[in-house]
Amino acid sequence: MRRVTELRASDADRERVVALLGDALADGRLTLDEHSDRTTRAYAARTLGELTGLTGDLAPRETQPIIADDRPVSVLFGRVRREGRWVVPVKLPLFALFGTVELDLRDAVLQRRHTVVDALVLGGRIRLIVPDGVRVQVTGRTVVGTRELRHRPADGGPTVEIAGTLLLASVRAQAPKRSLRERVRGRLGRRR
């Protein structure tokens, strides 16, 4: 299995990096020569690892255009959130002790059609925001916990499985709210 940083970059990934480089040039964090060099390297980059190396010194980790991080997600008595363009490992270790982990998968890259979140949660919460078509299953051992799954899965769509141990924990998965136009179209489509 390949590391997250070895995955191929898309044109959209390159454009996100170039946009951040343009902002850095505009506010003086990069010189014109540095901007030119990094932009050239961004357009020539083949992997996500090559792209993340170009912006690491320009923005905090949570605001990077691409997060290629396969480290476990953990929180102690607080809150941690992964969002934006990030690569979800095939098996994502998660630990929460009286804290909340929020995983926003709307712009995330799922490496496979079946992703496992291997969770150990004690008195904490897991919150997922999943795009339409993604199925969420909770298969982990739950002791005095709650599950609220409000998503719109599609047949044959990707699956995110929450496995592991959940003690005094809650899992909530929801799809993003639809606009009024999308809700009306959905209702009209069902009547036909």
# chains A, B, ... in the order shown; residues from 1 in each chain; ligands from 1

call {"tool": "residues_around", "arguments": {"residues": "Thr52 (chain A)", "least_positions_apart": "4", "cutoff": "8 Å", "atoms": "only C-alpha atoms", "output": "list in words"}}
result
Leu48, Gly56, Gln64, Ile66, Ile67 and Ala68 of chain A

call {"tool": "residues_around", "arguments": {"residues": "region 22-39 of chain A", "least_positions_apart": "6", "cutoff": "9 Å", "atoms": "only C-alpha atoms", "output": "PDB file with N, CA, C and O atoms, in the first residue's frame"}}
result
ATOM      1  N   LEU A  54       5.882  22.466  -0.880  1.00  0.00           N
ATOM      2  CA  LEU A  54       6.004  23.822  -1.420  1.00  0.00           C
ATOM      3  C   LEU A  54       5.338  24.886  -0.564  1.00  0.00           C
ATOM      4  O   LEU A  54       5.641  26.065  -0.695  1.00  0.00           O
ATOM      5  N   THR A  55       4.410  24.496   0.300  1.00  0.00           N
ATOM      6  CA  THR A  55       3.650  25.485   1.070  1.00  0.00           C
ATOM      7  C   THR A  55       3.781  25.320   2.579  1.00  0.00           C
ATOM      8  O   THR A  55       3.143  26.053   3.329  1.00  0.00           O
ATOM      9  N   LEU A  58       4.402  28.476   4.599  1.00  0.00           N
ATOM     10  CA  LEU A  58       3.596  29.649   4.264  1.00  0.00           C
ATOM     11  C   LEU A  58       2.290  29.760   5.039  1.00  0.00           C
ATOM     12  O   LEU A  58       1.683  30.830   5.080  1.00  0.00           O
TER      13      LEU A  58
END

call {"tool": "residues_around", "arguments": {"residues": "Val116 (chain A)", "least_positions_apart": "3", "cutoff": "8 Å", "atoms": "only C-alpha atoms", "output": "list of chain:residue names"}}
result
A:Val90, A:Lys91, A:Leu92, A:Val160, A:Glu161, A:Ile162, A:Ala163

call {"tool": "select_by_dssp", "arguments": {"residues": "region 26-97 of chain A", "states": "strand (DSSP E or B)", "output": "JSON, numbers by chain"}}
result
{"A": [47, 67, 73, 74, 75, 76, 79, 80, 81, 82, 86, 87, 88, 91, 92, 93, 94, 95, 96, 97]}

call {"tool": "atom_distance", "arguments": {"atom1": "CA of Leu128 (chain A)", "atom2": "CA of Phe95 (chain A)"}}
result
14.7 Å

call {"tool": "atom_distance", "arguments": {"atom1": "CA of Gln174 (chain A)", "atom2": "CA of Gln111 (chain A)"}}
result
20.7 Å

call {"tool": "residues_around", "arguments": {"residues": "Pro176 (chain A)", "least_positions_apart": "4", "cutoff": "8 Å", "atoms": "only C-alpha atoms", "output": "list in words"}}
result
Ile129, Val130 and Pro131 of chain A

call {"tool": "atom_distance", "arguments": {"atom1": "CA of Glu148 (chain A)", "atom2": "CA of Gly84 (chain A)"}}
result
23.1 Å

call {"tool": "select_by_dssp", "arguments": {"residues": "chain A", "states": "alpha helix (DSSP H)", "output": "NGL selection string"}}
result
:A and (11-26 or 32-44 or 48-55 or 180-191)

call {"tool": "residues_around", "arguments": {"residues": "Ala175 (chain A)", "least_positions_apart": "4", "cutoff": "10 Å", "atoms": "only C-alpha atoms", "output": "VMD selection string"}}
result
chain A and resid 104 to 106 128 to 134 149 to 153

call {"tool": "write_last_selection", "arguments": {"atoms": "C-alpha atoms", "output": "compact mmCIF listing (two decimals), in the first residue's frame"}}
result
# COMPACT_ATOMS: atom_id res chain seq x y z
CA ASP A 104 -15.24 16.68 7.16
CA LEU A 105 -15.15 14.38 4.13
CA ARG A 106 -16.78 16.71 1.59
CA LEU A 128 -18.64 13.14 10.35
CA ILE A 129 -19.78 15.35 7.50
CA VAL A 130 -20.15 13.09 4.48
CA PRO A 131 -21.05 14.01 0.91
CA ASP A 132 -24.04 12.47 -0.82
CA GLY A 133 -23.43 8.88 -1.85
CA VAL A 134 -21.11 7.93 1.04
CA LEU A 149 -26.70 8.63 11.03
CA ARG A 150 -28.32 11.25 8.81
CA HIS A 151 -26.62 10.77 5.50
CA ARG A 152 -27.71 10.04 1.94
CA PRO A 153 -25.87 6.87 0.82

call {"tool": "residues_around", "arguments": {"residues": "Leu94 (chain A)", "least_positions_apart": "5", "cutoff": "9 Å", "atoms": "only C-alpha atoms", "output": "VMD selection string"}}
result
chain A and resid 72 to 75 101 117 to 121
